[in-house]
Amino acid sequence: MQISILLVSDLNKCGSARVSPAVCDCVLSPVTAHYGGVMMMMMMRRSAGSRKPAAVDQTAVMESIFRGLSAAVFLNTWTQLSRGDGLMERRTLDQFLHCLMNTLKIRGVSQQQLQALRETLVGRCDVTADGLLQMEQVAAALLPEQENFLLLFRRETPLENSVEFMRIWRCYDTDSSGYISAAELKSFLRDLFHEHNRPVTAAKLEEYTDMMMKMFDKNQDGRLDLNDLARILALKENFLLKFEMEACSHEDRLRDFEKIFAHYDVSKTGDLEGAEVDGFVKDMMELVKPGLSGSDLDKFKQVLLGHCDINGDGKIQKNELALCLGLKLSP
């Protein structure tokens with residue numbers, strides 16, 4: 001559905017063994033006892049060889065090996081070996097594990113054990129079709145719970161809706177700069193720990209804030225943008241990508257419009273306001289400008305309201321958005 005057709009002109013802004021009693025009988029001659037003992041040992045070896053070895057809990061082994069791993073060591077090693085985009089190639093995983101173990105002075109891990117650890121780790125993490133691993137998932141698998149504050153961001157399900165995401169963004173972008181500063185991120189982390197009933201000292205909070213900035217501030221400008229926070233909160237894929245962007249029938253467009261409006265009208269009031277408009281604008285704008293900043297979003301929001309908010313109440317009513325998109329709703 002071509003939902004942004006009317007606004008394109010504005011986008012450029014923005015086994016046990018059985019032993020015979022005779023073997024152990026004390027009246028046996030030394031020779032008989034000797035050979036009997038040899039035979040018994042052979043029987044026991046055969047029996048032991050026929051048993052299947054007990055399954056090893058590789059997750060427990062991995063946790064035991066890396067129990068002394070800190071978030072700082074993990075981050076430094078990951079930064080050295082990952083690609084520029086923060087992802088790590090699967091073929092680099094062995095080198096990564098070796099570096100961690102060398103730093104922690106872990107000895108006695110065989111190549112076979114290392115291979116098993118690698119397979120377990122890959123099995124616990126989502127690997128892309130290109131064989132790439134995400135830092136957050138590897139950290140969740142390797143870091144001890146007390147060090148892995150990133151687990152706080154691993155919800156049972158990601159954020160379903162950009163509306164919810166934008167509410168969080170507006171709440172912590174307190175100066176409306178279009179970015180999340182280190183101080184604002186610290187406030188966000190403090191509230192997150194409180195929400196999960198996890199005490200955190202001022203020193204640890206400072207450490208975690210600094211670490212998060214290093215992890216997600218890709219351009220190293222000391223602040224996080226919309227895309228950075230979306231990565232942290234595991235925001236689901238842009239909802240508008242579900243719809244065809246090529247020309248389709250009027251009936252198809254109306255059907256798609258109803259689905260789209262219902263998705264963003266989370267309050268079910270029949271109009272979009274506040275974070276609902278923000279969420280719609282974010283997803284819409286990202287169709288043509290993936291690297292969307294907070295200031296871009298604010299500019300385009302004003303453009304959208306200028307096009308669609310006919311009665312000037314700061315909201316976008318259903319019929320207003322339909323008219324803006326060239327659709328006529330049934331009465």
# chains A, B, ... in the order shown; residues from 1 in each chain; ligands from 1
$ select_by_dssp --residues "segment 167-314 of chain A" --states "helix (DSSP H, G or I)" --output "number ranges by chain"
A: 167-172, 182-195, 202-216, 226-232, 239-242, 250-264, 275-286, 294-308
$ closest_residue --among "A:Asn102, A:Gln137, A:Ser110, A:Gln220" --to "Thr77 of chain A" --atoms "only C-alpha atoms"
A:Asn102
$ residues_around --residues "Asp228 of chain A" --least-positions-apart "6" --cutoff "9 Å" --atoms "only C-alpha atoms" --output "VMD selection string"
chain A and resid 216 to 218
$ closest_residue --among "A:Leu143, A:Leu321, A:Asp313, A:Glu160" --to "Glu258 of chain A" --atoms "only C-alpha atoms"
A:Leu321
$ closest_residue --among "A:Ser330, A:Gln317, A:Gln111, A:Ser64" --to "Lys268 of chain A" --atoms "only C-alpha atoms"
A:Gln317
$ atom_distance --atom1 "atom CA of Leu323 of chain A" --atom2 "atom CA of Glu164 of chain A"
26.1 Å
$ closest_residue --among "A:Val61, A:Glu147, A:Met166, A:Ala182" --to "Lys204 of chain A" --atoms "only C-alpha atoms"
A:Glu147
$ closest_residue --among "A:Lys236, A:Ser177, A:Asn227, A:Thr103" --to "Ala72 of chain A" --atoms "only C-alpha atoms"
A:Thr103
$ atom_distance --atom1 "atom CA of Asp283 of chain A" --atom2 "atom CA of Phe257 of chain A"
14.4 Å
$ residues_around --residues "Leu254 of chain A" --least-positions-apart "4" --cutoff "8 Å" --atoms "only C-alpha atoms" --output "list in words"
His250, Glu258, Leu327 and Leu329 of chain A
$ closest_residue --among "A:Val200, A:Gly291, A:Asn161, A:Phe193" --to "Tyr264 of chain A" --atoms "only C-alpha atoms"
A:Asn161
$ atom_distance --atom1 "atom CA of Lys299 of chain A" --atom2 "atom CA of Gly274 of chain A"
14.5 Å
$ select_by_dssp --residues "segment 117-253 of chain A" --states "strand (DSSP E)" --output "list of chain:residue names"
A:Leu132, A:Leu133, A:Ile180, A:Ser181, A:Arg223, A:Leu224
$ write_last_selection --atoms "N, CA and C atoms" --output "compact mmCIF listing (two decimals), in the first residue's frame"
# COMPACT_ATOMS: atom_id res chain seq x y z
N LEU A 132 26.15 -14.50 11.08
CA LEU A 132 26.57 -13.43 11.98
C LEU A 132 25.89 -13.56 13.33
N LEU A 133 26.62 -13.18 14.39
CA LEU A 133 26.12 -13.26 15.76
C LEU A 133 25.98 -11.86 16.34
N ILE A 180 19.27 10.52 23.19
CA ILE A 180 19.36 10.14 24.60
C ILE A 180 20.81 10.35 25.05
N SER A 181 21.01 11.28 25.97
CA SER A 181 22.35 11.56 26.48
C SER A 181 22.75 10.51 27.51
N ARG A 223 25.95 10.03 22.55
CA ARG A 223 24.50 10.02 22.69
C ARG A 223 23.92 8.90 21.84
N LEU A 224 22.70 8.51 22.17
CA LEU A 224 22.02 7.44 21.44
C LEU A 224 20.90 8.03 20.61
